[in-house]
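Pasting query.cif here (mmCIF, C-alpha atoms):
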data_query
loop_
_atom_site.label_atom_id
_atom_site.label_comp_id
_atom_site.auth_asym_id
_atom_site.auth_seq_id
_atom_site.Cartn_x
_atom_site.Cartn_y
_atom_site.Cartn_z
CA MET A 30 0.00 0.00 0.00
CA THR A 31 1.29 3.36 -0.94
CA THR A 32 1.27 6.20 1.50
CA ALA A 33 0.87 9.92 1.15
CA GLU A 34 4.47 10.37 2.22
CA GLU A 35 5.69 8.37 -0.81
CA TYR A 36 4.00 10.67 -3.27
CA GLY A 37 4.47 13.82 -1.28
CA THR A 38 0.77 14.52 -1.00
CA ASP A 39 0.84 15.60 2.68
CA LEU A 40 -0.70 19.01 3.22
CA GLU A 41 1.90 21.66 4.09
CA PRO A 42 1.07 23.90 7.10
CA VAL A 43 0.48 27.51 6.15
CA ASP A 44 0.26 30.73 8.13
CA VAL A 45 -3.17 32.29 8.32
CA VAL A 46 -3.18 36.05 7.77
CA ASP A 47 -6.08 38.19 8.88
CA ALA A 48 -7.18 40.45 6.05
CA GLU A 49 -9.96 42.80 5.29
CA LEU A 50 -11.80 42.75 2.01
CA VAL A 51 -11.81 46.03 0.15
CA ASP A 52 -14.57 46.98 -2.20
CA ASP A 53 -13.54 47.25 -5.80
CA ASP A 54 -14.72 50.85 -5.96
CA ALA A 55 -12.94 51.98 -2.74
CA PRO A 56 -10.27 54.71 -3.17
CA GLY A 57 -6.89 53.17 -3.79
CA ALA A 58 -8.23 49.71 -4.44
CA GLY A 59 -6.03 47.76 -6.81
CA GLU A 60 -3.23 50.36 -6.65
CA VAL A 61 0.38 49.37 -5.93
CA ALA A 62 2.52 51.74 -3.85
CA VAL A 63 5.25 53.22 -6.02
CA PRO A 64 8.45 54.42 -4.28
CA ASP A 65 8.98 58.18 -4.54
CA PRO A 66 12.45 58.64 -6.15
CA VAL A 67 12.66 62.28 -5.03
CA ALA A 68 12.05 61.34 -1.40
CA ALA A 69 14.60 58.52 -1.64
CA VAL A 70 17.31 60.84 -3.01
CA LEU A 71 16.59 63.50 -0.40
CA ALA A 72 16.75 60.91 2.39
CA ALA A 73 20.07 59.58 1.10
CA LEU A 74 21.52 63.09 0.86
CA GLU A 75 20.36 63.84 4.40
CA THR A 76 22.05 60.70 5.73
CA ASP A 77 25.28 61.45 3.87
CA ALA A 78 25.27 65.06 5.07
CA GLN A 79 24.86 64.08 8.71
CA ALA A 80 27.68 61.53 8.42
CA HIS A 81 29.94 64.11 6.77
CA LEU A 82 29.27 66.71 9.45
CA ARG A 83 30.14 64.18 12.13
CA ARG A 84 33.39 63.28 10.35
CA ILE A 85 34.61 66.88 10.07
CA ARG A 86 33.76 67.71 13.69
CA PRO A 87 37.01 68.47 15.61
CA LYS A 88 38.43 65.47 17.46
CA LYS A 89 38.30 67.25 20.81
CA THR A 90 34.58 67.91 20.32
CA ARG A 91 33.92 64.34 19.18
CA ASP A 92 35.73 62.94 22.21
CA GLY A 93 33.87 65.26 24.55
CA TYR A 94 30.46 64.37 23.13
CA ALA A 95 31.33 60.67 23.25
CA ARG A 96 32.12 61.03 26.94
CA ASP A 97 28.84 62.92 27.47
CA TRP A 98 26.98 59.99 25.92
CA GLU A 99 28.80 57.57 28.23
CA VAL A 100 27.61 59.66 31.20
CA TRP A 101 24.07 59.47 29.79
CA GLN A 102 24.41 55.67 29.79
CA GLU A 103 25.74 55.74 33.36
CA PHE A 104 22.70 57.80 34.35
CA HIS A 105 20.37 55.20 32.83
CA ALA A 106 22.15 52.40 34.70
CA TRP A 107 21.73 54.38 37.94
CA LEU A 108 18.06 55.06 37.12
CA LYS A 109 17.47 51.34 36.54
CA ARG A 110 18.86 50.56 40.00
CA GLN A 111 16.57 53.15 41.54
CA THR A 112 13.36 52.16 39.74
CA GLY A 113 13.94 48.55 38.74
CA THR A 114 12.88 49.42 35.19
CA PRO A 115 15.33 49.98 32.35
CA LEU A 116 14.54 52.87 30.01
CA PRO A 117 15.76 53.07 26.42
CA LEU A 118 18.52 55.61 25.80
CA SER A 119 16.25 57.22 23.21
CA SER A 120 13.75 58.24 25.93
CA ILE A 121 14.65 61.92 26.04
CA THR A 122 11.79 63.76 27.66
CA VAL A 123 11.29 66.60 30.09
CA GLY A 124 11.29 64.05 32.90
CA THR A 125 14.47 62.20 31.91
CA PHE A 126 16.43 65.35 31.09
CA VAL A 127 15.54 67.13 34.32
CA SER A 128 16.35 63.94 36.24
CA PHE A 129 19.68 63.85 34.38
CA VAL A 130 20.48 67.34 35.69
CA THR A 131 19.54 66.27 39.23
CA TYR A 132 21.67 63.13 38.94
CA LEU A 133 24.71 65.09 37.79
CA ASP A 134 24.21 67.65 40.55
CA GLN A 135 23.39 65.44 43.53
CA VAL A 136 24.97 62.07 42.71
CA VAL A 137 27.98 62.96 40.56
CA GLU A 138 28.32 66.42 42.18
CA ALA A 139 29.44 67.92 38.90
CA PRO A 140 29.90 71.70 38.62
CA PRO A 141 27.07 73.53 36.82
CA ASN A 142 29.24 74.41 33.81
CA THR A 143 30.00 70.73 33.30
CA ILE A 144 26.31 69.86 33.55
CA GLU A 145 25.53 72.46 30.90
CA ARG A 146 28.10 70.93 28.57
CA ARG A 147 26.71 67.43 29.20
CA ILE A 148 23.26 68.59 28.13
CA THR A 149 24.69 69.92 24.86
CA GLY A 150 26.73 66.78 24.23
CA VAL A 151 23.89 64.35 24.90
CA THR A 152 21.55 66.37 22.70
CA SER A 153 24.02 66.29 19.81
CA GLU A 154 24.84 62.60 20.18
CA ALA A 155 21.19 61.60 20.48
CA ARG A 156 20.27 63.43 17.28
CA ALA A 157 23.27 61.88 15.52
CA ARG A 158 21.83 58.46 16.43
CA GLY A 159 18.46 59.40 14.95
CA TYR A 160 16.70 60.00 18.27
CA THR A 161 14.26 62.84 18.74
CA VAL A 162 15.23 65.48 21.30
CA PRO A 163 12.22 67.70 21.97
CA LYS A 164 12.95 71.38 22.41
CA GLU A 165 10.88 71.46 25.59
CA ALA A 166 13.17 68.80 27.10
CA THR A 167 16.36 70.83 26.61
CA GLU A 168 14.61 74.01 27.78
CA ALA A 169 13.40 72.27 30.93
CA ALA A 170 16.90 70.93 31.65
CA ARG A 171 18.40 74.41 31.36
CA ARG A 172 15.69 75.87 33.61
CA ALA A 173 16.57 73.23 36.20
CA LEU A 174 20.22 74.15 35.81
CA LYS A 175 19.76 77.91 36.17
CA PRO A 176 19.47 78.06 40.00
CA LEU A 177 22.46 75.73 40.32
CA LYS A 178 24.64 78.26 38.49
CA LEU A 179 23.71 80.85 41.11
CA ASP A 180 24.90 78.65 43.97
CA GLU A 181 28.41 79.66 45.00
CA LYS A 182 29.25 76.31 46.60
CA ARG A 183 28.25 74.41 43.47
CA MET A 184 30.24 76.72 41.23
CA LYS A 185 33.33 76.05 43.34
CA ARG A 186 33.13 72.34 42.48
CA GLY A 187 34.94 73.06 39.22
CA ARG A 188 38.31 74.64 38.68
CA GLY A 189 36.70 78.04 38.32
CA LYS A 190 37.00 80.59 35.55
CA ALA A 191 40.33 81.61 34.15
CA ALA A 192 41.50 84.98 35.42
CA ALA A 193 42.28 87.74 32.95
CA ILE A 194 45.85 88.83 32.35
CA ALA A 195 47.04 92.28 31.26
CA PRO A 196 50.23 93.58 29.60
CA ALA A 197 51.62 94.35 33.06
CA ASP A 198 51.41 90.62 33.85
CA LEU A 199 53.41 89.85 30.71
CA ARG A 200 56.16 92.16 31.91
CA THR A 201 56.16 90.47 35.30
CA MET A 202 56.59 87.10 33.59
CA ALA A 203 59.31 88.39 31.27
CA ASN A 204 61.31 89.86 34.16
CA ALA A 205 60.99 86.81 36.43
CA PRO A 206 64.25 85.13 37.50
CA ARG A 207 65.49 82.57 34.99
CA GLU A 208 66.52 80.24 37.79
CA ARG A 209 63.60 78.10 38.91
CA GLN A 210 63.80 76.34 42.23
CA PRO A 211 62.63 72.70 42.39
CA GLN A 212 59.10 72.08 43.57
CA PRO A 213 58.66 70.70 47.12
CA THR A 214 57.51 67.33 45.78
CA ALA A 215 60.22 67.00 43.11
CA ARG A 216 62.78 64.22 43.50
CA ARG A 217 65.49 66.19 41.77
CA ARG A 218 66.67 69.11 43.88
CA THR A 219 68.72 70.86 41.21
CA VAL A 220 67.95 74.45 40.19
CA TYR A 221 66.64 74.70 36.63
CA ARG A 222 67.76 77.61 34.46
CA VAL A 223 65.41 78.54 31.64
CA PRO A 224 67.26 78.40 28.29
CA GLU A 225 67.40 81.68 26.40
CA LEU A 226 65.60 80.14 23.43
CA ALA A 227 62.70 79.02 25.64
CA ARG A 228 62.54 82.44 27.30
CA LEU A 229 62.27 84.22 23.94
CA ARG A 230 59.68 81.69 22.73
CA ASP A 231 57.48 82.19 25.80
CA GLN A 232 57.67 85.98 25.59
CA ALA A 233 56.63 85.93 21.92
CA LEU A 234 53.94 83.29 22.45
CA ASN A 235 52.31 84.89 25.49
CA SER A 236 52.37 88.47 24.18
CA LEU A 237 51.02 87.50 20.75
CA LYS A 238 48.37 85.30 22.37
CA LEU A 239 47.10 88.28 24.34
CA ALA A 240 47.29 90.60 21.33
CA VAL A 241 45.14 88.40 19.07
CA ALA A 242 43.03 86.88 21.88
CA GLY A 243 44.23 83.54 20.58
CA ARG A 244 42.85 80.17 21.50
CA ASN A 245 45.38 77.45 22.30
CA GLU A 246 44.53 75.60 19.08
CA GLU A 247 44.89 78.75 17.00
CA MET A 248 48.32 79.58 18.39
CA SER A 249 49.43 76.00 17.82
CA LEU A 250 48.43 76.14 14.14
CA LEU A 251 50.12 79.48 13.44
CA ASP A 252 52.87 79.35 10.81
CA ASP A 253 55.46 82.02 10.03
CA ALA A 254 53.53 82.74 6.84
CA HIS A 255 50.50 83.76 8.93
CA ILE A 256 52.49 86.58 10.58
CA GLU A 257 53.37 89.43 8.21
CA VAL A 258 55.58 92.31 9.33
CA VAL A 259 54.19 95.71 8.25
CA ASP A 260 55.08 99.31 9.09
CA GLU A 261 52.51 99.47 11.88
CA GLY A 262 53.52 96.15 13.42
CA LEU A 263 52.12 92.76 12.41
CA ARG A 264 49.24 91.58 10.28
CA VAL A 265 48.31 88.18 11.70
CA THR A 266 45.99 85.76 9.96
CA VAL A 267 44.66 83.61 12.78
CA PRO A 268 43.99 80.13 11.31
CA SER A 269 40.63 78.39 11.30
CA VAL A 270 39.74 76.04 14.16
CA LYS A 271 36.49 74.25 15.01
CA GLY A 272 34.85 75.39 11.79
CA ARG A 273 35.41 79.09 12.46
CA PRO A 274 36.75 81.11 9.51
CA PRO A 275 40.32 82.45 9.67
CA ARG A 276 40.51 86.09 10.76
CA PRO A 277 43.07 88.77 9.83
CA VAL A 278 43.88 90.95 12.85
CA PRO A 279 46.23 93.91 13.42
CA VAL A 280 48.92 93.87 16.10
CA THR A 281 50.69 97.19 16.79
CA TYR A 282 53.98 97.96 18.49
CA GLY A 283 53.82 98.13 22.28
CA GLU A 284 55.32 100.71 24.60
CA ASN A 285 57.49 98.23 26.53
CA ARG A 286 60.01 95.82 25.03
CA ALA A 287 59.17 93.04 27.52
CA SER A 288 55.49 92.96 26.54
CA CYS A 289 55.55 94.28 22.95
CA PRO A 290 54.18 91.44 20.77
CA VAL A 291 55.92 92.77 17.66
CA ARG A 292 59.43 93.01 19.09
CA CYS A 293 59.00 89.77 21.05
CA TRP A 294 58.00 87.97 17.85
CA LEU A 295 60.91 89.37 15.83
CA ALA A 296 63.40 88.38 18.54
CA TRP A 297 62.04 84.83 18.77
CA LYS A 298 61.89 84.38 15.01
CA GLU A 299 65.49 85.47 14.58
CA ALA A 300 66.63 83.15 17.38
CA LYS A 301 64.75 80.08 16.16
CA LEU A 302 65.99 80.51 12.57
CA ALA A 303 69.53 80.78 13.89
CA ALA A 304 68.91 77.53 15.81
CA GLY A 305 67.94 75.72 12.61
CA ALA A 306 64.16 76.16 12.37
CA ALA A 307 62.70 75.79 8.88
CA PRO A 308 61.69 79.12 7.29
CA ASP A 309 57.92 79.52 6.97
CA GLY A 310 57.42 76.56 9.30
CA PRO A 311 55.38 76.46 12.51
CA ALA A 312 55.46 79.77 14.36
CA PHE A 313 56.05 78.18 17.76
CA LEU A 314 58.21 75.12 18.43
CA PRO A 315 59.07 73.12 21.55
CA VAL A 316 62.33 73.83 23.40
CA ASP A 317 63.68 71.19 25.78
CA GLN A 318 65.37 71.80 29.14
CA TRP A 319 68.82 71.94 27.51
CA GLY A 320 67.73 74.58 24.99
CA HIS A 321 67.39 72.24 22.00
CA LEU A 322 64.77 73.31 19.46
CA GLY A 323 62.15 70.78 18.36
CA THR A 324 60.84 70.38 14.82
CA ALA A 325 57.12 69.63 15.38
CA ARG A 326 54.80 72.51 16.17
CA LEU A 327 53.98 73.25 19.80
CA SER A 328 50.77 71.42 20.75
CA PRO A 329 47.63 73.25 21.97
CA ASP A 330 48.23 71.87 25.47
CA GLY A 331 51.82 73.07 25.26
CA VAL A 332 50.59 76.57 24.39
CA GLY A 333 48.34 76.68 27.44
CA ARG A 334 50.99 75.23 29.74
CA ALA A 335 53.55 77.82 28.62
CA LEU A 336 51.41 80.70 29.85
CA ALA A 337 50.41 78.98 33.09
CA ARG A 338 54.01 77.96 33.80
CA CYS A 339 55.38 81.47 33.23
CA ALA A 340 52.72 82.94 35.51
CA LYS A 341 53.47 80.42 38.22
CA TYR A 342 57.22 81.04 38.29
CA ALA A 343 56.65 84.81 38.14
CA GLY A 344 54.70 84.61 41.38
CA LEU A 345 51.27 85.26 39.86
CA THR A 346 49.66 82.57 42.00
CA GLY A 347 46.76 84.44 43.58
CA ARG A 348 44.45 83.76 40.64
CA ARG A 349 43.86 80.97 38.16
CA ILE A 350 45.85 81.79 35.03
CA THR A 351 45.43 79.38 32.14
CA GLY A 352 45.70 79.46 28.37
CA HIS A 353 42.27 81.12 28.26
CA SER A 354 43.40 84.05 30.40
CA ALA A 355 44.72 85.89 27.35
CA ARG A 356 41.34 85.90 25.60
CA ARG A 357 39.60 87.26 28.66
CA GLY A 358 42.40 89.73 29.25
CA LEU A 359 42.28 91.39 25.85
CA VAL A 360 38.60 92.26 26.28
CA THR A 361 38.71 93.42 29.89
CA THR A 362 41.86 95.48 29.34
CA GLY A 363 40.62 96.86 26.03
CA ILE A 364 37.30 97.95 27.52
CA LYS A 365 39.07 99.74 30.36
CA LYS A 366 41.19 101.58 27.80
CA GLY A 367 38.14 102.69 25.81
CA LYS A 368 38.52 100.35 22.84
CA ARG A 369 35.53 99.75 20.58
CA ILE A 370 33.51 96.68 21.48
CA ASP A 371 33.01 95.61 17.87
CA LYS A 372 36.75 95.70 17.18
CA LEU A 373 37.54 93.69 20.31
CA ARG A 374 34.95 91.11 19.28
CA ARG A 375 36.41 90.75 15.78
CA GLN A 376 39.97 90.55 17.13
CA GLY A 377 39.12 87.44 19.15
CA GLY A 378 36.66 85.93 16.66
CA TRP A 379 33.63 85.92 18.97
CA SER A 380 30.12 85.77 17.51
CA ALA A 381 27.89 88.80 17.97
CA ASN A 382 25.68 87.00 20.49
CA SER A 383 28.44 85.22 22.41
CA PRO A 384 27.46 85.28 26.12
CA VAL A 385 31.09 84.72 27.11
CA PHE A 386 32.25 87.80 25.21
CA TRP A 387 29.60 90.02 26.77
CA GLU A 388 30.51 88.67 30.20
CA TYR A 389 34.06 89.90 29.57
CA VAL A 390 32.73 93.27 28.42
CA ASP A 391 30.69 93.65 31.62
CA GLU A 392 33.78 92.80 33.66
CA GLY A 393 35.80 95.48 31.88
CA GLU A 394 33.06 98.09 32.35
CA MET A 395 32.47 97.34 36.02
CA PHE A 396 34.14 100.52 37.30
CA GLU A 397 33.17 102.76 34.40
CA ASP A 398 30.84 105.42 35.81
CA ALA A 399 30.44 103.30 38.94
CA PRO A 400 27.34 104.10 41.05
CA THR A 401 29.55 105.08 43.98
CA GLU A 402 31.81 107.40 41.98
CA GLY A 403 31.54 111.11 42.71
CA ILE A 404 28.47 110.98 44.94
CA GLY A 405 30.11 112.36 48.05
CA PHE A 406 31.77 109.38 49.74
#

Kindly present the structure from the file in structure tokens form.
Amino acid sequence: MTTAEEYGTDLEPVDVVDAELVDDDAPGAGEVAVPDPVAAVLAALETDAQAHLRRIRPKKTRDGYARDWEVWQEFHAWLKRQTGTPLPLSSITVGTFVSFVTYLDQVVEAPPNTIERRITGVTSEARARGYTVPKEATEAARRALKPLKLDEKRMKRGRGKAAAIAPADLRTMANAPRERQPQPTARRRTVYRVPELARLRDQALNSLKLAVAGRNEEMSLLDDAHIEVVDEGLRVTVPSVKGRPPRPVPVTYGENRASCPVRCWLAWKEAKLAAGAAPDGPAFLPVDQWGHLGTARLSPDGVGRALARCAKYAGLTGRRITGHSARRGLVTTGIKKGKRIDKLRRQGGWSANSPVFWEYVDEGEMFEDAPTEGIGF
């Protein structure tokens, strides 16, 4: 006897799909959806554009945003332990963003400025991953942050703002003793003498940094070709960083040799060329403790450390002087000397609505027509 298996006549199981009958005369009946080629091209261009913008973002920014996203993941892990319920990382709402601010403030004990940066970084990274970040969520997070920025104890959690420097500070640094005593914690107890080449480099670097309100990255990228000697002083083309356009700025002769950016630059350039530097190469080069000139350009961190180190050994230790002190210092000093606000803003490459720039302006104007001046005290 033959079986159904021999002839393959067993019924195959099939999936049953629920369907709804559509009348023949219903709108759209019998039509087949046709892909829209215009929409497809636009979507592809949008994807490519977003990927390109992420690729050209400065490495420092990419690394910072990546760390912000890691903190967002740490927050979600903490939230899961508190509630017992995991939330997707894409859940960016008023509730999660405000809770994120509270977590950073009360659990991590981060300074308010760091919290503000985390909000920006998470927002950018979330959108790069295709997640929706409602405007009301970011606005709510910043409203929750606002009172924290008014709390003095919380603001002290961070390193604090960089103090401004003035030309008088440059002269103090330039006239500091070249012999540097070892630090209390140093194993070597020998006295270090600053090489002449390093001294000239630091004078030129610090004075020019103040004159152009240069960022560390900008000063690092300067080449000799960016600094043109003219009758009035120097015409400096500050290179582009972080997507900002390059800016040509004027630098005039100063009244004092020790702080004049023009004479300091000419002295350093002559010395480094005599030491074997390549003409039209990097403007600022490393110098080791024996006075040997390096060939690679001075790094952005090296630029910032040079200013902070000179301030430290000159005894300017009562305030926090960092690489950013020069940018703040040009504005505050310029305002006190009656310089035009628009020219100061262009010199440092600030945008017209930069809150940081206007903070510096307010600082410089603090004692201009002060309420207590001339009222009979």

Point-to-point distance from CA of Ala233 (chain A) to CA of Val259 (chain A), Å rounded to tenths
17.0 Å

Could you work out how far CA of Ala227 (chain A) lies from CA of His321 (chain A), giving the answer in Å with one decimal?
9.0 Å

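The smallest atom-to-atom distance between Val360 (chain A) and any of A:Gly377, A:Pro275, A:Gly150, A:Pro224, using all atoms listed in the file, is found for A:Gly377.
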
Residues within 6 Å of region 187-191 of chain A, all atoms listed in the file, excluding chain neighbours under 6 positions, as an MDAnalysis selection string:
chainID A and resid 140 349:351 354

Taking the file as shown, find all residues satisfying the PyMOL selection byres ((chain A and resi 390) around 8) and write them as a PyMOL selection string.
chain A and resi 360-361+364+370+386-389+391-394

Assuming the chain letters and numbering stay as they are in my file, what does the PyMOL selection byres ((chain A and resi 263) around 9) actually select? List them as an mmCIF file with C-alpha atoms, keeping the file's coordinate frame.
data_model
loop_
_atom_site.group_PDB
_atom_site.id
_atom_site.type_symbol
_atom_site.label_atom_id
_atom_site.label_comp_id
_atom_site.auth_asym_id
_atom_site.auth_seq_id
_atom_site.Cartn_x
_atom_site.Cartn_y
_atom_site.Cartn_z
ATOM 1 C CA ILE A 256 52.490 86.580 10.580
ATOM 2 C CA GLU A 257 53.370 89.430 8.210
ATOM 3 C CA VAL A 258 55.580 92.310 9.330
ATOM 4 C CA VAL A 259 54.190 95.710 8.250
ATOM 5 C CA ASP A 260 55.080 99.310 9.090
ATOM 6 C CA GLU A 261 52.510 99.470 11.880
ATOM 7 C CA GLY A 262 53.520 96.150 13.420
ATOM 8 C CA ARG A 264 49.240 91.580 10.280
ATOM 9 C CA VAL A 265 48.310 88.180 11.700
ATOM 10 C CA VAL A 278 43.880 90.950 12.850
ATOM 11 C CA PRO A 279 46.230 93.910 13.420
ATOM 12 C CA VAL A 280 48.920 93.870 16.100
ATOM 13 C CA THR A 281 50.690 97.190 16.790
ATOM 14 C CA TYR A 282 53.980 97.960 18.490
ATOM 15 C CA PRO A 290 54.180 91.440 20.770
ATOM 16 C CA VAL A 291 55.920 92.770 17.660
#

Here's the selection I'm unsure about, the PyMOL selection byres ((chain A and resi 141) around 8); applied to the file above, which residues does it give, as a PyMOL selection string?
chain A and resi 134+139-140+142-145+174+177-178+183-184

Reconstruct region 183-197 of chain A at the level of N, CA, C and O atoms, and format the result as a PDB file, in the frame of the given file.
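Full text of selection.pdb as output:
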ATOM      1  N   ARG A 183      28.244  75.297  44.636  1.00  0.00           N
ATOM      2  CA  ARG A 183      28.250  74.410  43.470  1.00  0.00           C
ATOM      3  C   ARG A 183      29.245  74.896  42.417  1.00  0.00           C
ATOM      4  O   ARG A 183      29.928  74.102  41.787  1.00  0.00           O
ATOM      5  N   MET A 184      29.318  76.194  42.225  1.00  0.00           N
ATOM      6  CA  MET A 184      30.240  76.720  41.230  1.00  0.00           C
ATOM      7  C   MET A 184      31.687  76.451  41.605  1.00  0.00           C
ATOM      8  O   MET A 184      32.550  76.334  40.739  1.00  0.00           O
ATOM      9  N   LYS A 185      31.966  76.314  42.895  1.00  0.00           N
ATOM     10  CA  LYS A 185      33.330  76.050  43.340  1.00  0.00           C
ATOM     11  C   LYS A 185      33.735  74.592  43.127  1.00  0.00           C
ATOM     12  O   LYS A 185      34.899  74.244  43.350  1.00  0.00           O
ATOM     13  N   ARG A 186      32.781  73.737  42.737  1.00  0.00           N
ATOM     14  CA  ARG A 186      33.130  72.340  42.480  1.00  0.00           C
ATOM     15  C   ARG A 186      34.135  72.240  41.335  1.00  0.00           C
ATOM     16  O   ARG A 186      34.985  71.358  41.317  1.00  0.00           O
ATOM     17  N   GLY A 187      34.031  73.101  40.352  1.00  0.00           N
ATOM     18  CA  GLY A 187      34.940  73.060  39.220  1.00  0.00           C
ATOM     19  C   GLY A 187      36.220  73.817  39.524  1.00  0.00           C
ATOM     20  O   GLY A 187      36.462  74.293  40.632  1.00  0.00           O
ATOM     21  N   ARG A 188      37.042  73.940  38.515  1.00  0.00           N
ATOM     22  CA  ARG A 188      38.310  74.640  38.680  1.00  0.00           C
ATOM     23  C   ARG A 188      38.122  76.140  38.727  1.00  0.00           C
ATOM     24  O   ARG A 188      39.006  76.879  39.121  1.00  0.00           O
ATOM     25  N   GLY A 189      36.940  76.608  38.336  1.00  0.00           N
ATOM     26  CA  GLY A 189      36.700  78.040  38.320  1.00  0.00           C
ATOM     27  C   GLY A 189      37.109  78.658  36.984  1.00  0.00           C
ATOM     28  O   GLY A 189      37.772  78.045  36.162  1.00  0.00           O
ATOM     29  N   LYS A 190      36.713  79.900  36.790  1.00  0.00           N
ATOM     30  CA  LYS A 190      37.000  80.590  35.550  1.00  0.00           C
ATOM     31  C   LYS A 190      38.448  81.057  35.517  1.00  0.00           C
ATOM     32  O   LYS A 190      39.039  81.368  36.540  1.00  0.00           O
ATOM     33  N   ALA A 191      38.966  81.108  34.311  1.00  0.00           N
ATOM     34  CA  ALA A 191      40.330  81.610  34.150  1.00  0.00           C
ATOM     35  C   ALA A 191      40.350  83.105  34.418  1.00  0.00           C
ATOM     36  O   ALA A 191      39.450  83.845  33.993  1.00  0.00           O
ATOM     37  N   ALA A 192      41.357  83.561  35.137  1.00  0.00           N
ATOM     38  CA  ALA A 192      41.500  84.980  35.420  1.00  0.00           C
ATOM     39  C   ALA A 192      42.092  85.694  34.208  1.00  0.00           C
ATOM     40  O   ALA A 192      42.848  85.105  33.431  1.00  0.00           O
ATOM     41  N   ALA A 193      41.737  86.956  34.051  1.00  0.00           N
ATOM     42  CA  ALA A 193      42.280  87.740  32.950  1.00  0.00           C
ATOM     43  C   ALA A 193      43.719  88.154  33.248  1.00  0.00           C
ATOM     44  O   ALA A 193      44.102  88.343  34.400  1.00  0.00           O
ATOM     45  N   ILE A 194      44.514  88.267  32.195  1.00  0.00           N
ATOM     46  CA  ILE A 194      45.850  88.830  32.350  1.00  0.00           C
ATOM     47  C   ILE A 194      45.910  90.131  31.547  1.00  0.00           C
ATOM     48  O   ILE A 194      45.124  90.349  30.619  1.00  0.00           O
ATOM     49  N   ALA A 195      46.841  90.992  31.905  1.00  0.00           N
ATOM     50  CA  ALA A 195      47.040  92.280  31.260  1.00  0.00           C
ATOM     51  C   ALA A 195      48.494  92.397  30.823  1.00  0.00           C
ATOM     52  O   ALA A 195      49.347  91.587  31.226  1.00  0.00           O
ATOM     53  N   PRO A 196      48.829  93.400  30.005  1.00  0.00           N
ATOM     54  CA  PRO A 196      50.230  93.580  29.600  1.00  0.00           C
ATOM     55  C   PRO A 196      51.192  93.682  30.786  1.00  0.00           C
ATOM     56  O   PRO A 196      52.339  93.218  30.689  1.00  0.00           O
ATOM     57  N   ALA A 197      50.742  94.262  31.887  1.00  0.00           N
ATOM     58  CA  ALA A 197      51.620  94.350  33.060  1.00  0.00           C
ATOM     59  C   ALA A 197      51.999  92.957  33.561  1.00  0.00           C
ATOM     60  O   ALA A 197      53.120  92.742  34.042  1.00  0.00           O
TER      61      ALA A 197
END
